[in-house]
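Asker: My questions all concern the structure below.
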Amino acid sequence: MFNERFSPPATTKQIRAKCQYHKTPGAKRGIPFGHRRSVNTITSRHKATGSEKVSLDGYTKVKTENGRWVGKHVLIWEGQNGKIPDGHRVIFADSDKNNFALDNLLLVSNAEAAVMNILRLRSTDPDITRLGHAVAKMRIAANRAIKEKYRAQPVSTSLKTREPNKNKKRGASGEDTHVQA
């Protein structure tokens, strides 16, 4: 089909090499997800401050004054509530990356987000996600309490060696018999 429309004829390997050279989406197959570059990589450096783009993982990013691309949901949260504390992130309550309503954005710690991901406590229903956030907080608090309990217990540094019982004597058949003094 390609060779009928274009000349000179090209092999599949040559077409793939051209796609990779020109950074077309067809060349992205076979590359692990974390190693892909954004489709807008070349032109994104020249976009104006305030421009938006959608990353390959579906998040809308906005170009800031310092030239960095920041998630739109992060900018909306920080505009209403101030800077996001270290060790925290903003997630979408309904898992829709295009719903930027302030009541849909949740501030969670990285530990809470990890528990929510491991236990699959996120949902497309915002109320269930908020409930999952509360469950994650309780699990983390319970784990901390258990750790503190065991840290508070004194650890014995000396190992008690068991002394052999002097009152025991082995019989002819190999069983223990008590000797009365």
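Here's how to read the names in the structure tokens: chain A, B, ... by the order shown, residue numbers from 1 in each chain, ligand numbers from 1 in the order shown.
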When you look at Trp69 in chain A with a cut-off of 10 Å (counting only C-alpha atoms), what residues show up, excluding the ones that are within fewer than 4 positions of it in the same chain? I need them as a CSV table (one decimal) with C-alpha atoms, in the first residue's frame.

Answerer:
chain,number,residue,atom,x,y,z
A,44,SER,CA,6.7,22.4,23.9
A,45,ARG,CA,9.9,24.4,24.5
A,49,THR,CA,3.5,30.6,29.4
A,50,GLY,CA,0.0,29.4,30.3
A,51,SER,CA,-0.2,27.0,27.3
A,52,GLU,CA,-1.7,23.6,28.0
A,53,LYS,CA,-0.8,20.1,26.7
A,55,SER,CA,0.8,14.3,28.6
A,60,THR,CA,-3.3,18.2,31.5
A,61,LYS,CA,-0.1,20.2,32.0
A,62,VAL,CA,0.3,24.0,32.0
A,63,LYS,CA,3.5,25.9,31.3
A,64,THR,CA,4.5,28.1,34.1
A,65,GLU,CA,6.6,31.3,34.1

Asker: Can you pull out every residue within 12 Å of Leu75 in chain A, counting only C-alpha atoms, but drop anything in the same chain fewer than 2 positions away, and send it as a list in words?

Answerer: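 Result of the neighbour search: Gly50, Thr60, Lys61, Val62, Lys63, Thr64, Trp69, Val70, Gly71, Lys72, His73, Trp77, Glu78, Gly79, Gln80, Asn81, Gly82, Lys83, Ile84, Arg89, Val90, Phe100, Leu102 and Leu105 of chain A.
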
Asker: Would you save the residues from that selection as an mmCIF file, in the first residue's frame, using C-alpha atoms?

Answerer:
data_model
loop_
_atom_site.group_PDB
_atom_site.id
_atom_site.type_symbol
_atom_site.label_atom_id
_atom_site.label_comp_id
_atom_site.auth_asym_id
_atom_site.auth_seq_id
_atom_site.Cartn_x
_atom_site.Cartn_y
_atom_site.Cartn_z
ATOM 1 C CA GLY A 50 0.011 29.412 30.266
ATOM 2 C CA THR A 60 -3.296 18.199 31.485
ATOM 3 C CA LYS A 61 -0.114 20.223 32.034
ATOM 4 C CA VAL A 62 0.273 24.016 32.032
ATOM 5 C CA LYS A 63 3.488 25.860 31.251
ATOM 6 C CA THR A 64 4.499 28.127 34.132
ATOM 7 C CA TRP A 69 5.157 22.069 32.929
ATOM 8 C CA VAL A 70 2.956 21.561 36.013
ATOM 9 C CA GLY A 71 -0.285 19.598 36.348
ATOM 10 C CA LYS A 72 -3.334 21.801 35.937
ATOM 11 C CA HIS A 73 -4.970 20.144 38.962
ATOM 12 C CA TRP A 77 -5.325 23.302 44.245
ATOM 13 C CA GLU A 78 -2.451 25.659 45.049
ATOM 14 C CA GLY A 79 -4.497 28.650 43.858
ATOM 15 C CA GLN A 80 -7.198 27.904 46.443
ATOM 16 C CA ASN A 81 -5.290 26.280 49.317
ATOM 17 C CA GLY A 82 -1.655 27.366 49.083
ATOM 18 C CA LYS A 83 1.475 25.351 48.396
ATOM 19 C CA ILE A 84 1.246 21.563 48.532
ATOM 20 C CA ARG A 89 0.091 15.025 46.197
ATOM 21 C CA VAL A 90 -3.256 15.984 44.699
ATOM 22 C CA PHE A 100 -10.806 20.024 37.646
ATOM 23 C CA LEU A 102 -12.106 21.879 43.455
ATOM 24 C CA LEU A 105 -9.383 17.266 44.115
#

Asker: Expressed in Å to a single decimal, how great is the separation between CA of Ala136 in chain A and CA of Glu112 in chain A?

Answerer: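 Value for the CA of Ala136 in chain A-CA of Glu112 in chain A distance: 5.5 Å.
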
Asker: Could you check which of A:Val135, A:Gln153, A:Gly67, A:Val108 is closest to Arg120 in chain A, using only C-alpha atoms?

Answerer: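 That would be A:Val135, the residue with the smallest distance to Arg120 in chain A.
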
Asker: Near Asn117 in chain A, counting only C-alpha atoms, which residues have an atom at most 12 Å away, once you skip same-chain residues fewer than 2 positions from it, shown as a list in words?

Answerer: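 Counting only C-alpha atoms, the residues come to Ile91, Val108, Asn110, Ala111, Glu112, Ala113, Ala114, Val115, Leu119, Arg120, Leu121, Arg122, Ser123, Thr129, Gly132, His133 and Ala136 of chain A.
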
Asker: Could those selected residues go to a file with C-alpha atoms, as a tab-separated table (two decimals), in the first residue's frame?

Answerer:
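The result, written out as selection.tsv:
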chain	number	residue	atom	x	y	z
A	91	ILE	CA	-5.42	13.20	43.27
A	108	VAL	CA	-3.23	12.97	50.21
A	110	ASN	CA	2.41	9.80	49.53
A	111	ALA	CA	1.94	7.04	52.12
A	112	GLU	CA	-1.85	7.35	51.92
A	113	ALA	CA	-1.71	7.26	48.12
A	114	ALA	CA	0.43	4.11	48.27
A	115	VAL	CA	-2.03	2.37	50.63
A	119	LEU	CA	-5.60	-1.90	48.53
A	120	ARG	CA	-7.42	-0.55	45.45
A	121	LEU	CA	-9.34	2.04	47.44
A	122	ARG	CA	-9.83	4.42	44.51
A	123	SER	CA	-13.04	4.51	42.55
A	129	THR	CA	-12.57	7.38	47.06
A	132	GLY	CA	-10.88	4.87	50.85
A	133	HIS	CA	-8.75	7.87	51.87
A	136	ALA	CA	-5.86	4.52	54.34

Asker: I'd like to know which of A:Gln20, A:Asn66, A:Leu131, A:Tyr150 is closest to Ala48 in chain A, using only C-alpha atoms.

Answerer: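 The shortest atom-to-atom distance to Ala48 in chain A comes from A:Asn66.
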
Asker: Based on DSSP run over this structure's backbone, return all residues of range 2-144 of chain A in helix (DSSP H, G or I), as a ChimeraX atom specification.

Answerer: /A:2-5,12-21,25-28,33-35,41-44,72-81,102-104,110-118,126-144

Asker: Restricting the calculation to only C-alpha atoms: of A:Ser109, A:Ser95, A:Asn104, A:Thr12, which residue gets closest to Lys137 in chain A?

Answerer: A:Ser109

Asker: Interatomic distance between CA of Gly58 in chain A and CA of Lys97 in chain A?

Answerer: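 Going from CA of Gly58 in chain A over to CA of Lys97 in chain A covers 6.7 Å.
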
Asker: Quick one: pick out all strand (DSSP E or B) residues within range 56-172 of chain A from a backbone DSSP run and write them as a list in words.

Answerer: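 These are the residues in question: Thr60, Lys61, Val62, Lys63, Trp69, Val70, Gly71, His88, Arg89, Val90, Ile91, Phe92, Leu105, Leu106, Leu107, Val108, Ser109, Lys168, Lys169 and Arg170 of chain A.
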